[in-house]
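This report concerns only the one structure given below.
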Amino acid sequence: MSTTARRIIAWSVGAVCLVVAVWLVVLAYLDLRAADSTANLVAAVVAVLGLGLSVLTLLMIPGGTITVARRSVRVQGRGAIWAGSDVRDNALGTGARVTGAPTPASGCPSGPAIPDVDVRGHGAVGAGGDVTRNAMGEDSER
């Protein structure tokens with residue numbers, strides 16, 4: 001789903017919630033018993049919709065769970081390079097070149113989460129994700 005579609009849905013849900021809230025306040029001013037009954041019904045409908053959305057989300061995610069890993073990447077040394085996630089299709093070094101089509105992003109973690117990355121030394125490269133299809137070193141080519 002595109003970002004624009006998500007924004008439209010979010011604003012629509014927000015507008016509906018605002019209308020319902022205003023409606024309940026006006027109804028409470030006019031007839032408190034009717035407002036109480038209506039608020040109970042609205043709460044029940046929102047609870048059922050939330051439950052359905054939760055089940056739908058779990059069914060759409062492979063494996064039924066989402067694992068978000070926070071990685072700490074530290075490198076030390078002259079010419080050291082670090083990245084918090086993937087390092088793809090880069091040319092690192094004097095005369096290094098990347099040729100060919102770029103690597104498509106994986107879109108999901110490729111392996112188990114790495115809690116910390118600590119790399120030291122001259123020209124060290126540290127990444128919190130995959131390091132693929134790079135040209136590293138003098139006059140290297142990919």
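Lettering and numbering for the structure tokens are positional, with chains as A, B, ... in the shown order, residues counted from 1 in each chain, and ligands counted from 1 in the shown order.
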From a DSSP pass on the backbone, collect the residues of chain A flagged as strand (DSSP E or B) and hand them back as a compact mmCIF listing (two decimals) with N, CA and C atoms, in the first residue's frame.
# COMPACT_ATOMS: atom_id res chain seq x y z
N SER A 72 23.64 -2.10 17.13
CA SER A 72 24.65 -1.10 17.40
C SER A 72 25.89 -1.46 16.59
N VAL A 73 26.33 -0.54 15.74
CA VAL A 73 27.49 -0.79 14.90
C VAL A 73 28.58 0.20 15.29
N ARG A 74 29.78 -0.34 15.67
CA ARG A 74 30.91 0.49 16.03
C ARG A 74 32.12 0.05 15.23
N VAL A 75 32.79 0.98 14.63
CA VAL A 75 34.04 0.68 13.92
C VAL A 75 35.10 1.66 14.38
N GLN A 76 36.34 1.19 14.40
CA GLN A 76 37.47 2.04 14.77
C GLN A 76 38.60 1.77 13.79
N ILE A 81 34.54 2.27 7.79
CA ILE A 81 33.22 2.57 7.24
C ILE A 81 32.19 1.78 8.03
N TRP A 82 31.05 2.41 8.35
CA TRP A 82 30.00 1.70 9.07
C TRP A 82 28.65 2.03 8.47
N ALA A 83 27.70 1.11 8.65
CA ALA A 83 26.32 1.31 8.23
C ALA A 83 25.41 0.60 9.22
N VAL A 87 24.73 -2.90 3.26
CA VAL A 87 25.70 -2.20 2.42
C VAL A 87 25.66 -2.94 1.08
N ARG A 88 25.12 -2.30 0.05
CA ARG A 88 24.93 -2.94 -1.25
C ARG A 88 25.46 -2.06 -2.38
N ALA A 91 31.34 0.97 -4.20
CA ALA A 91 32.73 0.87 -4.62
C ALA A 91 33.57 1.54 -3.54
N LEU A 92 34.35 0.75 -2.82
CA LEU A 92 35.15 1.26 -1.71
C LEU A 92 36.62 1.03 -2.03
N ARG A 97 35.14 0.04 -8.88
CA ARG A 97 33.99 0.35 -9.73
C ARG A 97 32.91 -0.69 -9.53
N ASP A 116 25.04 -6.61 18.29
CA ASP A 116 26.08 -5.59 18.24
C ASP A 116 27.13 -5.99 17.21
N VAL A 117 27.67 -4.99 16.53
CA VAL A 117 28.78 -5.20 15.60
C VAL A 117 29.90 -4.29 16.06
N ASP A 118 31.07 -4.85 16.29
CA ASP A 118 32.23 -4.09 16.74
C ASP A 118 33.41 -4.50 15.88
N VAL A 119 33.86 -3.60 15.00
CA VAL A 119 34.94 -3.89 14.05
C VAL A 119 36.06 -2.88 14.27
N ARG A 120 37.29 -3.38 14.27
CA ARG A 120 38.44 -2.49 14.49
C ARG A 120 39.52 -2.79 13.46
N VAL A 125 35.24 -2.42 7.80
CA VAL A 125 33.89 -2.21 7.32
C VAL A 125 32.95 -2.96 8.25
N GLY A 126 32.00 -2.24 8.85
CA GLY A 126 31.02 -2.85 9.74
C GLY A 126 29.62 -2.51 9.28
N ALA A 127 28.73 -3.49 9.31
CA ALA A 127 27.35 -3.26 8.88
C ALA A 127 26.40 -4.02 9.79
N VAL A 131 26.13 -7.38 3.61
CA VAL A 131 27.15 -6.70 2.82
C VAL A 131 27.24 -7.51 1.53
N THR A 132 26.61 -7.02 0.47
CA THR A 132 26.53 -7.79 -0.77
C THR A 132 26.86 -6.95 -1.98
N ALA A 135 32.38 -3.61 -4.41
CA ALA A 135 33.76 -3.66 -4.87
C ALA A 135 34.61 -3.01 -3.79
N MET A 136 35.38 -3.83 -3.07
CA MET A 136 36.18 -3.32 -1.94
C MET A 136 37.64 -3.56 -2.19
N GLU A 141 36.44 -4.45 -8.89
CA GLU A 141 35.26 -4.23 -9.72
C GLU A 141 34.23 -5.29 -9.41
- In Å to one decimal, how far is CA of Gly100 (chain A) from CA of Arg142 (chain A)?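 According to the coordinates, CA of Arg142 (chain A) and CA of Gly100 (chain A) are separated by 7.9 Å.
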- Task: Among the residues of region 1-139 of chain A, find those DSSP assigns to helix (DSSP H, G or I) from the backbone and print them as a ChimeraX atom specification.
- Result: /A:3-30,32-60,62-64
Take the residues from that selection and put them in a file with C-alpha atoms, as an mmCIF file, in the first residue's frame.
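Once everything was written out, this is out.cif:
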data_model
loop_
_atom_site.group_PDB
_atom_site.id
_atom_site.type_symbol
_atom_site.label_atom_id
_atom_site.label_comp_id
_atom_site.auth_asym_id
_atom_site.auth_seq_id
_atom_site.Cartn_x
_atom_site.Cartn_y
_atom_site.Cartn_z
ATOM 1 C CA THR A 3 2.134 6.180 1.480
ATOM 2 C CA THR A 4 -0.594 8.327 -0.067
ATOM 3 C CA ALA A 5 -3.200 5.595 0.431
ATOM 4 C CA ARG A 6 -2.117 5.147 4.041
ATOM 5 C CA ARG A 7 -2.423 8.877 4.674
ATOM 6 C CA ILE A 8 -5.893 8.976 3.114
ATOM 7 C CA ILE A 9 -7.006 6.063 5.308
ATOM 8 C CA ALA A 10 -5.495 7.632 8.439
ATOM 9 C CA TRP A 11 -7.161 11.003 7.792
ATOM 10 C CA SER A 12 -10.476 9.296 7.001
ATOM 11 C CA VAL A 13 -10.415 7.282 10.227
ATOM 12 C CA GLY A 14 -9.463 10.424 12.151
ATOM 13 C CA ALA A 15 -12.335 12.373 10.596
ATOM 14 C CA VAL A 16 -14.843 9.619 11.418
ATOM 15 C CA CYS A 17 -13.580 9.474 15.018
ATOM 16 C CA LEU A 18 -13.922 13.248 15.340
ATOM 17 C CA VAL A 19 -17.487 13.162 14.015
ATOM 18 C CA VAL A 20 -18.428 10.326 16.402
ATOM 19 C CA ALA A 21 -16.849 12.145 19.375
ATOM 20 C CA VAL A 22 -18.707 15.379 18.591
ATOM 21 C CA TRP A 23 -21.915 13.418 18.051
ATOM 22 C CA LEU A 24 -21.557 11.705 21.459
ATOM 23 C CA VAL A 25 -20.895 15.024 23.240
ATOM 24 C CA VAL A 26 -23.965 16.636 21.635
ATOM 25 C CA LEU A 27 -26.054 13.549 22.404
ATOM 26 C CA ALA A 28 -24.853 13.592 26.037
ATOM 27 C CA TYR A 29 -25.944 17.222 26.291
ATOM 28 C CA LEU A 30 -29.393 16.427 24.876
ATOM 29 C CA LEU A 32 -27.555 11.406 28.797
ATOM 30 C CA ARG A 33 -29.147 7.931 28.818
ATOM 31 C CA ALA A 34 -29.158 7.704 25.026
ATOM 32 C CA ALA A 35 -25.538 8.913 24.944
ATOM 33 C CA ASP A 36 -24.553 6.223 27.459
ATOM 34 C CA SER A 37 -26.177 3.476 25.389
ATOM 35 C CA THR A 38 -24.671 4.823 22.175
ATOM 36 C CA ALA A 39 -21.199 5.077 23.705
ATOM 37 C CA ASN A 40 -21.425 1.442 24.827
ATOM 38 C CA LEU A 41 -22.408 0.372 21.316
ATOM 39 C CA VAL A 42 -19.600 2.427 19.743
ATOM 40 C CA ALA A 43 -17.063 0.899 22.166
ATOM 41 C CA ALA A 44 -18.239 -2.625 21.289
ATOM 42 C CA VAL A 45 -17.986 -1.952 17.538
ATOM 43 C CA VAL A 46 -14.495 -0.438 17.903
ATOM 44 C CA ALA A 47 -13.371 -3.454 19.978
ATOM 45 C CA VAL A 48 -14.604 -5.925 17.343
ATOM 46 C CA LEU A 49 -12.962 -3.907 14.542
ATOM 47 C CA GLY A 50 -9.692 -3.800 16.492
ATOM 48 C CA LEU A 51 -9.779 -7.546 17.055
ATOM 49 C CA GLY A 52 -10.462 -8.182 13.358
ATOM 50 C CA LEU A 53 -7.637 -5.863 12.320
ATOM 51 C CA SER A 54 -5.245 -7.603 14.716
ATOM 52 C CA VAL A 55 -6.109 -11.054 13.339
ATOM 53 C CA LEU A 56 -5.824 -9.809 9.752
ATOM 54 C CA THR A 57 -2.413 -8.268 10.472
ATOM 55 C CA LEU A 58 -1.124 -11.470 12.057
ATOM 56 C CA LEU A 59 -2.336 -13.533 9.091
ATOM 57 C CA MET A 60 -0.647 -11.213 6.574
ATOM 58 C CA PRO A 62 4.880 -14.402 7.439
ATOM 59 C CA GLY A 63 5.477 -16.379 10.606
ATOM 60 C CA GLY A 64 2.830 -14.381 12.462
#
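Take the candidates A:Gly77, A:Ala101, A:Asp31, A:Gly95 and check each one against His122 (chain A) using only C-alpha atoms; the shortest distance goes to A:Gly77.
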- Show which residues sit within 8 Å of Gly137 (chain A), as number ranges by chain. Count only C-alpha atoms, and ignore same-chain residues fewer than 4 positions away. A: 92-94, 96
Output of the above residues as a PDB file, in the first residue's frame, restricted to N, CA and C atoms:
ATOM      1  N   LEU A  92      34.348   0.751  -2.820  1.00  0.00           N
ATOM      2  CA  LEU A  92      35.152   1.264  -1.713  1.00  0.00           C
ATOM      3  C   LEU A  92      36.621   1.031  -2.027  1.00  0.00           C
ATOM      4  N   GLY A  93      37.366   2.086  -2.199  1.00  0.00           N
ATOM      5  CA  GLY A  93      38.785   1.967  -2.487  1.00  0.00           C
ATOM      6  C   GLY A  93      39.155   2.728  -3.747  1.00  0.00           C
ATOM      7  N   THR A  94      40.438   3.018  -3.880  1.00  0.00           N
ATOM      8  CA  THR A  94      40.935   3.756  -5.031  1.00  0.00           C
ATOM      9  C   THR A  94      40.723   2.945  -6.300  1.00  0.00           C
ATOM     10  N   ALA A  96      38.064   1.604  -7.470  1.00  0.00           N
ATOM     11  CA  ALA A  96      37.022   0.582  -7.403  1.00  0.00           C
ATOM     12  C   ALA A  96      35.809   1.019  -8.218  1.00  0.00           C
TER      13      ALA A  96
END
- Message: Between CA of Pro102 (chain A) and CA of Arg78 (chain A), what is the distance in Å, rounded to a tenth?
- Response: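 Distance reported for this atom pair: 28.2 Å.
Across the structure, CA of Asp86 (chain A) and CA of Gly123 (chain A) are spaced 17.7 Å apart.
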